[in-house]
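What follows is the content of query.txt, which has compact mmCIF, C-alpha atoms:
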```
# COMPACT_ATOMS: atom_id res chain seq x y z
CA MET A 1 9.53 -60.73 -36.20
CA ALA A 2 12.10 -58.11 -35.18
CA SER A 3 10.93 -54.51 -35.44
CA LEU A 4 12.77 -52.14 -37.76
CA PRO A 5 14.73 -49.24 -36.21
CA LYS A 6 12.81 -46.00 -36.57
CA PHE A 7 14.61 -43.37 -38.65
CA ARG A 8 14.23 -39.73 -37.61
CA ILE A 9 15.55 -36.50 -39.07
CA GLU A 10 15.08 -32.91 -37.97
CA THR A 11 16.53 -29.52 -38.85
CA ARG A 12 17.54 -27.03 -36.19
CA GLU A 13 18.53 -23.40 -36.61
CA SER A 14 20.86 -21.45 -34.32
CA GLU A 15 23.00 -18.31 -34.42
CA SER A 16 26.03 -20.34 -35.56
CA GLY A 17 24.20 -22.11 -38.42
CA THR A 18 22.00 -25.07 -39.30
CA THR A 19 22.10 -28.56 -37.82
CA ILE A 20 20.54 -31.59 -39.50
CA LYS A 21 20.16 -34.25 -36.82
CA LEU A 22 19.63 -37.90 -37.76
CA ALA A 23 18.74 -40.93 -35.64
CA GLY A 24 18.39 -44.61 -36.49
CA GLU A 25 19.78 -46.22 -39.64
CA LEU A 26 20.97 -44.21 -42.64
CA ASP A 27 20.62 -46.54 -45.62
CA SER A 28 19.26 -46.73 -49.17
CA ALA A 29 15.71 -46.28 -47.88
CA THR A 30 16.41 -43.17 -45.80
CA CYS A 31 19.40 -41.38 -47.36
CA THR A 32 17.22 -39.38 -49.75
CA GLU A 33 15.69 -37.66 -46.72
CA LEU A 34 19.12 -36.30 -45.80
CA LEU A 35 19.62 -34.98 -49.34
CA GLU A 36 16.17 -33.40 -49.34
CA ARG A 37 16.75 -31.69 -46.00
CA PHE A 38 20.06 -30.34 -47.26
CA GLU A 39 18.40 -28.96 -50.41
CA GLN A 40 15.72 -27.27 -48.30
CA ALA A 41 18.26 -25.75 -45.91
CA SER A 42 20.62 -24.59 -48.68
CA ALA A 43 17.78 -22.67 -50.34
CA ALA A 44 17.89 -20.09 -47.54
CA PRO A 45 19.78 -16.93 -48.59
CA ASP A 46 21.81 -16.77 -45.35
CA PHE A 47 22.78 -20.48 -45.32
CA ARG A 48 26.54 -20.57 -44.69
CA ALA A 49 27.25 -23.26 -42.06
CA LEU A 50 25.92 -26.79 -41.54
CA VAL A 51 26.49 -29.51 -38.97
CA ILE A 52 25.32 -33.07 -39.73
CA ASP A 53 24.64 -34.60 -36.32
CA LEU A 54 25.07 -38.40 -36.43
CA GLU A 55 25.29 -38.92 -32.68
CA GLU A 56 22.18 -41.14 -32.61
CA VAL A 57 22.82 -42.96 -35.90
CA SER A 58 23.28 -46.70 -35.31
CA PHE A 59 24.16 -47.80 -38.87
CA ILE A 60 25.30 -46.28 -42.19
CA ASP A 61 25.46 -48.28 -45.41
CA SER A 62 27.18 -47.36 -48.67
CA SER A 63 24.14 -45.38 -49.85
CA GLY A 64 24.20 -43.33 -46.67
CA MET A 65 27.93 -42.73 -47.08
CA ARG A 66 27.39 -41.57 -50.67
CA ALA A 67 24.70 -39.17 -49.45
CA ILE A 68 27.10 -37.66 -46.92
CA ILE A 69 29.77 -37.28 -49.63
CA ALA A 70 27.22 -35.70 -51.98
CA VAL A 71 26.35 -33.12 -49.32
CA GLU A 72 30.04 -32.48 -48.70
CA LEU A 73 30.76 -31.89 -52.40
CA ARG A 74 27.79 -29.57 -52.81
CA ALA A 75 28.74 -27.65 -49.67
CA GLN A 76 32.28 -27.22 -50.97
CA GLU A 77 31.00 -25.90 -54.31
CA ASP A 78 28.68 -23.40 -52.61
CA GLY A 79 31.17 -22.24 -49.97
CA ILE A 80 29.19 -23.74 -47.09
CA ALA A 81 31.15 -24.68 -43.95
CA LEU A 82 30.32 -28.29 -43.10
CA ALA A 83 31.11 -30.36 -40.00
CA LEU A 84 30.16 -33.77 -38.67
CA THR A 85 29.08 -34.70 -35.13
CA PRO A 86 30.37 -38.28 -34.86
CA PRO A 87 28.10 -41.31 -34.50
CA PRO A 88 28.79 -44.03 -31.88
CA PRO A 89 32.35 -45.44 -31.94
CA ALA A 90 31.60 -48.53 -34.04
CA VAL A 91 29.98 -46.45 -36.79
CA THR A 92 32.69 -43.79 -36.49
CA GLU A 93 35.27 -46.48 -37.16
CA LEU A 94 33.47 -47.38 -40.39
CA LEU A 95 33.59 -43.73 -41.47
CA ARG A 96 37.29 -43.63 -40.65
CA VAL A 97 38.08 -46.83 -42.58
CA THR A 98 36.15 -45.62 -45.63
CA GLY A 99 37.90 -42.24 -45.50
CA ILE A 100 34.75 -40.15 -44.98
CA SER A 101 35.92 -38.82 -41.62
CA ASP A 102 39.03 -37.48 -43.37
CA ARG A 103 36.86 -35.37 -45.69
CA LEU A 104 34.88 -33.54 -43.00
CA PRO A 105 35.70 -31.43 -39.96
CA VAL A 106 34.52 -32.89 -36.67
CA ALA A 107 32.06 -30.78 -34.69
CA PRO A 108 32.35 -30.46 -30.91
CA GLN A 109 30.21 -32.74 -28.82
CA ALA A 110 27.73 -31.47 -26.27
CA GLY A 111 27.82 -32.33 -22.60
CA GLY A 112 30.02 -30.40 -20.21
CA VAL A 113 30.18 -30.78 -16.45
CA ALA A 114 27.37 -29.05 -14.61
CA ALA A 115 28.59 -26.00 -12.73
CA ALA A 116 27.51 -27.45 -9.38
CA ALA A 117 29.26 -30.80 -9.83
CA PRO A 118 31.75 -31.43 -7.02
CA PHE A 119 35.44 -31.60 -7.79
CA ILE A 120 38.45 -32.87 -5.90
CA GLU A 121 41.07 -30.37 -7.01
CA ARG A 122 41.32 -27.38 -9.33
CA VAL A 123 44.48 -25.74 -10.63
CA GLU A 124 44.45 -22.43 -12.52
CA ARG A 125 47.51 -20.97 -14.21
CA GLU A 126 48.29 -18.05 -16.51
CA LEU A 127 50.83 -18.98 -19.19
CA ALA A 128 52.86 -16.50 -21.18
CA ARG A 129 52.06 -16.76 -24.88
CA ASP A 130 55.41 -18.08 -26.05
CA ALA A 131 57.00 -21.24 -27.42
CA ASP A 132 57.42 -22.71 -23.93
CA ALA A 133 53.71 -22.50 -23.04
CA PRO A 134 52.82 -26.05 -24.22
CA ALA A 135 55.70 -27.55 -22.21
CA ARG A 136 54.67 -25.66 -19.08
CA ALA A 137 51.07 -26.78 -19.58
CA ARG A 138 52.17 -30.41 -19.94
CA ALA A 139 54.14 -30.17 -16.69
CA GLU A 140 51.15 -28.68 -14.85
CA LEU A 141 48.84 -31.36 -16.23
CA ARG A 142 51.08 -34.26 -15.24
CA GLU A 143 51.46 -32.92 -11.71
CA SER A 144 47.74 -32.21 -11.31
CA VAL A 145 46.42 -35.60 -12.44
CA ALA A 146 49.08 -37.79 -10.83
CA GLY A 147 47.27 -40.55 -8.93
CA TYR A 148 43.89 -39.83 -10.54
CA LEU A 149 44.49 -41.25 -14.02
CA SER A 150 46.27 -44.34 -15.30
CA ASP A 151 49.57 -43.93 -17.14
CA VAL A 152 47.81 -44.32 -20.49
CA GLU A 153 45.17 -41.72 -19.56
CA VAL A 154 47.86 -39.32 -18.32
CA ALA A 155 49.62 -39.67 -21.68
CA THR A 156 46.36 -38.97 -23.53
CA ALA A 157 45.42 -35.98 -21.35
CA THR A 158 48.94 -34.57 -21.74
CA LEU A 159 48.73 -34.82 -25.53
CA LEU A 160 45.31 -33.13 -25.66
CA THR A 161 46.36 -30.32 -23.31
CA SER A 162 49.49 -29.72 -25.36
CA GLU A 163 47.47 -29.52 -28.58
CA LEU A 164 45.03 -26.94 -27.19
CA VAL A 165 47.75 -24.74 -25.71
CA THR A 166 49.77 -24.95 -28.93
CA ASN A 167 46.70 -23.74 -30.83
CA ALA A 168 46.30 -20.85 -28.40
CA VAL A 169 49.93 -19.87 -29.05
CA LEU A 170 49.86 -20.21 -32.84
CA HIS A 171 46.28 -19.33 -33.85
CA PRO A 172 44.81 -16.61 -31.59
CA GLY A 173 44.33 -14.13 -34.42
CA GLN A 174 46.39 -11.23 -35.67
CA GLY A 175 47.44 -8.72 -33.04
CA VAL A 176 46.04 -10.69 -30.10
CA GLY A 177 48.11 -10.32 -26.95
CA GLY A 178 47.73 -11.35 -23.36
CA SER A 179 48.35 -14.65 -21.64
CA ILE A 180 46.79 -18.09 -21.98
CA GLY A 181 44.55 -19.34 -19.21
CA LEU A 182 44.86 -22.99 -18.15
CA ARG A 183 42.37 -24.59 -15.77
CA ILE A 184 42.68 -28.26 -14.76
CA THR A 185 39.78 -29.67 -12.74
CA THR A 186 39.94 -33.16 -11.28
CA TYR A 187 36.68 -34.96 -10.49
CA GLY A 188 36.18 -38.38 -9.00
CA ASP A 189 35.78 -40.01 -12.40
CA ARG A 190 37.24 -37.61 -14.96
CA VAL A 191 39.54 -34.67 -15.62
CA ARG A 192 38.48 -31.46 -17.36
CA VAL A 193 40.98 -29.10 -19.01
CA GLU A 194 40.06 -25.61 -20.22
CA VAL A 195 42.36 -23.41 -22.32
CA THR A 196 41.34 -19.76 -22.71
CA ASP A 197 42.81 -16.89 -24.71
CA ALA A 198 41.79 -13.46 -25.96
CA GLY A 199 41.45 -14.56 -29.58
CA SER A 200 38.24 -14.50 -31.59
CA GLY A 201 38.17 -18.30 -31.72
CA PHE A 202 36.01 -20.18 -34.22
CA GLU A 203 32.45 -21.30 -34.65
CA PRO A 204 31.85 -25.07 -34.68
CA GLY A 205 31.41 -26.20 -38.26
CA THR A 206 33.38 -23.34 -39.82
CA VAL A 207 36.87 -24.82 -39.52
CA LYS A 208 38.67 -24.77 -42.87
CA ARG A 209 40.93 -27.44 -44.33
CA ARG A 210 44.64 -27.17 -44.86
CA PRO A 211 46.77 -29.34 -47.14
CA TYR A 212 48.77 -32.18 -45.65
CA GLY A 213 51.95 -30.92 -44.04
CA ALA A 214 50.54 -27.47 -43.25
CA GLY A 215 49.90 -28.40 -39.61
CA GLY A 216 46.79 -27.56 -37.67
CA HIS A 217 45.34 -31.02 -37.05
CA GLY A 218 45.24 -30.75 -33.24
CA LEU A 219 41.49 -30.32 -33.02
CA PHE A 220 41.00 -33.68 -34.72
CA VAL A 221 43.28 -35.32 -32.19
CA VAL A 222 41.10 -33.80 -29.45
CA ALA A 223 37.89 -34.89 -31.18
CA GLY A 224 39.15 -38.45 -31.55
CA LEU A 225 40.70 -38.99 -28.12
CA ALA A 226 38.67 -36.91 -25.64
CA SER A 227 35.59 -38.35 -23.94
CA ARG A 228 33.86 -35.09 -24.85
CA TRP A 229 34.94 -31.57 -25.83
CA GLY A 230 33.54 -28.21 -26.81
CA THR A 231 33.97 -24.45 -26.87
CA SER A 232 32.64 -21.47 -24.95
CA ARG A 233 32.99 -17.69 -24.96
CA PRO A 234 33.56 -16.54 -21.39
CA VAL A 235 34.19 -13.01 -20.21
CA VAL A 236 37.59 -12.64 -18.53
CA ASP A 237 38.36 -9.45 -16.58
CA GLY A 238 35.52 -7.74 -18.40
CA ASN A 239 36.79 -8.70 -21.85
CA PRO A 240 35.46 -11.35 -24.27
CA ALA A 241 37.58 -14.49 -24.54
CA PHE A 242 37.51 -17.88 -26.23
CA CYS A 243 37.79 -21.24 -24.47
CA VAL A 244 38.29 -24.78 -25.79
CA TRP A 245 37.78 -27.54 -23.24
CA PHE A 246 37.94 -31.32 -23.10
CA GLU A 247 37.13 -34.01 -20.59
CA LEU A 248 38.78 -37.40 -20.22
CA ASP A 249 37.02 -40.11 -18.22
CA SER A 250 39.07 -42.27 -15.88
CA GLY A 251 38.75 -46.05 -15.88
CA THR A 252 40.98 -46.68 -12.87
CA GLU A 253 39.76 -48.36 -9.69
CA GLU A 254 41.18 -45.45 -7.71
CA ALA A 255 38.98 -43.03 -9.65
CA ALA A 256 35.91 -45.16 -8.98
CA GLU A 257 36.66 -45.08 -5.25
CA LEU A 258 37.12 -41.30 -5.38
CA ALA A 259 33.82 -40.93 -7.22
CA ALA A 260 32.08 -42.94 -4.51
CA GLU A 261 33.60 -40.69 -1.81
CA VAL A 262 32.60 -37.49 -3.60
CA GLU A 263 29.02 -38.56 -4.40
CA PRO A 264 27.57 -38.10 -0.88
CA ALA A 265 28.86 -34.54 -0.77
CA ALA A 266 26.88 -33.78 -3.89
CA ALA A 267 23.51 -34.73 -2.46
CA GLY A 268 20.87 -32.26 -3.58
CA GLN A 269 23.07 -30.79 -6.32
CA ASP A 270 22.69 -31.11 -10.07
CA GLN A 271 24.69 -34.13 -11.15
CA PHE A 272 26.72 -34.66 -14.27
CA SER A 273 24.72 -36.88 -16.63
CA THR A 274 26.24 -40.10 -17.89
CA PRO A 275 27.60 -39.47 -21.41
CA SER A 276 26.18 -41.37 -24.33
CA ARG A 277 28.12 -44.10 -26.11
CA SER A 278 29.13 -41.65 -28.82
CA GLN A 279 30.86 -39.56 -26.17
CA GLN A 280 33.01 -42.47 -24.96
CA TYR A 281 36.21 -42.40 -26.96
CA SER A 282 39.70 -42.89 -25.68
CA SER A 283 39.68 -43.36 -21.92
CA ARG A 284 39.61 -47.13 -22.47
CA HIS A 285 42.01 -47.12 -25.41
CA SER A 286 45.57 -48.35 -25.18
CA LEU A 287 48.31 -45.80 -25.72
CA ALA A 288 49.14 -47.48 -29.03
CA SER A 289 45.55 -47.08 -30.22
CA SER A 290 45.51 -43.45 -29.14
CA MET A 291 48.71 -42.60 -30.94
CA HIS A 292 47.54 -44.50 -34.05
CA LEU A 293 44.39 -42.38 -34.19
CA ALA A 294 46.40 -39.22 -33.64
CA SER A 295 48.67 -40.21 -36.52
CA ASP A 296 45.63 -40.81 -38.75
CA SER A 297 44.27 -37.36 -37.88
CA GLN A 298 47.56 -35.67 -38.75
CA GLY A 299 47.55 -37.39 -42.12
CA SER A 300 44.13 -36.09 -43.11
CA THR A 301 43.37 -33.04 -45.19
CA VAL A 302 41.25 -31.44 -42.48
CA SER A 303 42.58 -28.81 -40.10
CA ASN A 304 41.66 -27.34 -36.78
CA ALA A 305 41.34 -23.66 -35.96
```
If you convert what's in this file into structure tokens, what do you get?
Amino acid sequence: MASLPKFRIETRESESGTTIKLAGELDSATCTELLERFEQASAAPDFRALVIDLEEVSFIDSSGMRAIIAVELRAQEDGIALALTPPPPAVTELLRVTGISDRLPVAPQAGGVAAAAPFIERVERELARDADAPARARAELRESVAGYLSDVEVATATLLTSELVTNAVLHPGQGVGGSIGLRITTYGDRVRVEVTDAGSGFEPGTVKRRPYGAGGHGLFVVAGLASRWGTSRPVVDGNPAFCVWFELDSGTEEAAELAAEVEPAAAGQDQFSTPSRSQQYSSRHSLASSMHLASDSQGSTVSNA
């Protein structure tokens, strides 16, 4: 007889808020545990932000979906910022089809490149904060990744870079000046793009919604199409800054050959860990699939920063 998947749930506290992490199958037998954990967490007087981490959830039935919606409605009533760390792609697609993913902000995924990981090429540019910055960033990206990514992956990376730079132009915060930092790092099997500005940024899980047509859906495009993404708060020239980054894995044979050439040079160094299935999004998608998902994100009621 086949063994039943083991369901696990745990609550984690951090400076940015509370995370309820689930693993296994969220169904009629286990969904009450999610509701109970939410009730326990919301009883705290300083409870203002929650992330529901579904990265290790392998199945969600209608009862589990109703539990997530119940938490979302209660959080909205109580003024609690709520975000969702996506489950593996197949389960994420179910959430998208049922409309649940349209109700909740998407939290950044963990897993950046280790600092010691070898890279092939790195380009760093300072862009003036003006209307032409996204176009200049797109031009830099296309030139930097030429030959490393397929045409479809170049189109995806260009879209994601443009979205992040556009956000840095439009949403840095009132009175924020300075330029926008763009760093493009090419590895043997992926490309990493970092966009930095002097704005205050946002905390994962605190992104607010905007009505359809108000713009500001770029972060959901990034969440849906990047292999992984996240935020950091570096210090630039002695001043605090905010950075949003993404990585896009390459599926080309040329990239695999480059990865094999780079690997010996990295002997003895900390290596980048293979991302989980939930971190594998668009590098294998067709351009039509990518643009369809981007269109879905723009039609939702959830905004980015």
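Residues lying within 8 Å of Val169 of chain A, counting only C-alpha atoms and ignoring same-chain neighbours fewer than 6 positions away, are Arg129, Asp130, Ala131, Ala133 and Ile180 of chain A.
Nearest to Met65 of chain A of all the residues A:Thr30, A:Ser232, A:Thr196, A:Ser16 is A:Thr30, based on all atoms listed in the file.
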Of A:Ala29, A:Ala43, A:Val57, A:Leu225, the one sitting nearest Asp78 of chain A when using all atoms listed in the file is A:Ala43
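Atom pair atom CA of Leu248 of chain A / atom CA of Leu95 of chain A: separated by 22.8 Å.
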Would you mind listing what lies within 9 Å of Val244 of chain A as JSON, numbers by chain, with all atoms listed in the file counted and same-chain residues fewer than 4 positions away left out? {"A": [164, 193, 194, 195, 196, 201, 229, 230, 231, 232, 233]}
Suppose we keep C-alpha atoms; can you now write the selection as a PDB file, in the coordinates of the input?
```
ATOM      1  CA  LEU A 164      45.030 -26.940 -27.190  1.00  0.00           C
ATOM      2  CA  VAL A 193      40.980 -29.100 -19.010  1.00  0.00           C
ATOM      3  CA  GLU A 194      40.060 -25.610 -20.220  1.00  0.00           C
ATOM      4  CA  VAL A 195      42.360 -23.410 -22.320  1.00  0.00           C
ATOM      5  CA  THR A 196      41.340 -19.760 -22.710  1.00  0.00           C
ATOM      6  CA  GLY A 201      38.170 -18.300 -31.720  1.00  0.00           C
ATOM      7  CA  TRP A 229      34.940 -31.570 -25.830  1.00  0.00           C
ATOM      8  CA  GLY A 230      33.540 -28.210 -26.810  1.00  0.00           C
ATOM      9  CA  THR A 231      33.970 -24.450 -26.870  1.00  0.00           C
ATOM     10  CA  SER A 232      32.640 -21.470 -24.950  1.00  0.00           C
ATOM     11  CA  ARG A 233      32.990 -17.690 -24.960  1.00  0.00           C
TER      12      ARG A 233
END
```
Check: atom CA of Gly218 of chain A and atom CA of Ala128 of chain A are how many Å apart?
Finding: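 These atoms are spaced 20.2 Å apart.
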_So, with all atoms listed in the file as the atoms that count, which of A:Asp46, A:Glu33, A:Glu15, A:Glu140 lies closest to Gly79 of chain A?_
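Nearest to Gly79 of chain A: A:Asp46.
Between Thr161 of chain A and the candidates A:Phe38, A:Phe59, A:Phe47, A:Phe246, the tightest atom-to-atom separation, counting only C-alpha atoms, involves A:Phe246.
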Min atom-atom distance to Gly224 of chain A from the set A:Arg142, A:Pro134, A:Thr92, A:Glu10, counting all atoms listed in the file, belongs to A:Thr92
Considering all atoms listed in the file, return as a list in words whatever protein or nucleic-acid residues lie within 12 Å of Glu72 of chain A, sequence-local ones (same chain, fewer than 5 positions apart) excluded.
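Listing them by chain and then by number gives Leu34, Leu35, Phe38, Ala49, Leu50, Val51, Ile52, Met65, Arg66, Ala67, Glu77, Asp78, Gly79, Ile80, Ala81, Leu82, Ala83, Leu84, Ile100, Ser101, Asp102, Arg103, Leu104 and Pro105 of chain A.
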In Å, with one decimal, what is the gap from atom CA of Val145 of chain A to atom CA of Asp132 of chain A?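 Separation between atom CA of Val145 of chain A and atom CA of Asp132 of chain A: 20.5 Å.
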Axis-aligned box for segment 67-79 of chain A, 3 Å per side, centre and edges in Å as AutoDock Vina command-line options:
```
--center_x 28.5 --center_y -30.7 --center_z -50.6 --size_x 13.6 --size_y 22.9 --size_z 13.4
```
Among the residues A:Leu160, A:Val123, A:Val235, A:Leu22, the one that comes closest to Phe220 of chain A [using only C-alpha atoms]: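 Among the listed residues, A:Leu160 lies closest to Phe220 of chain A.
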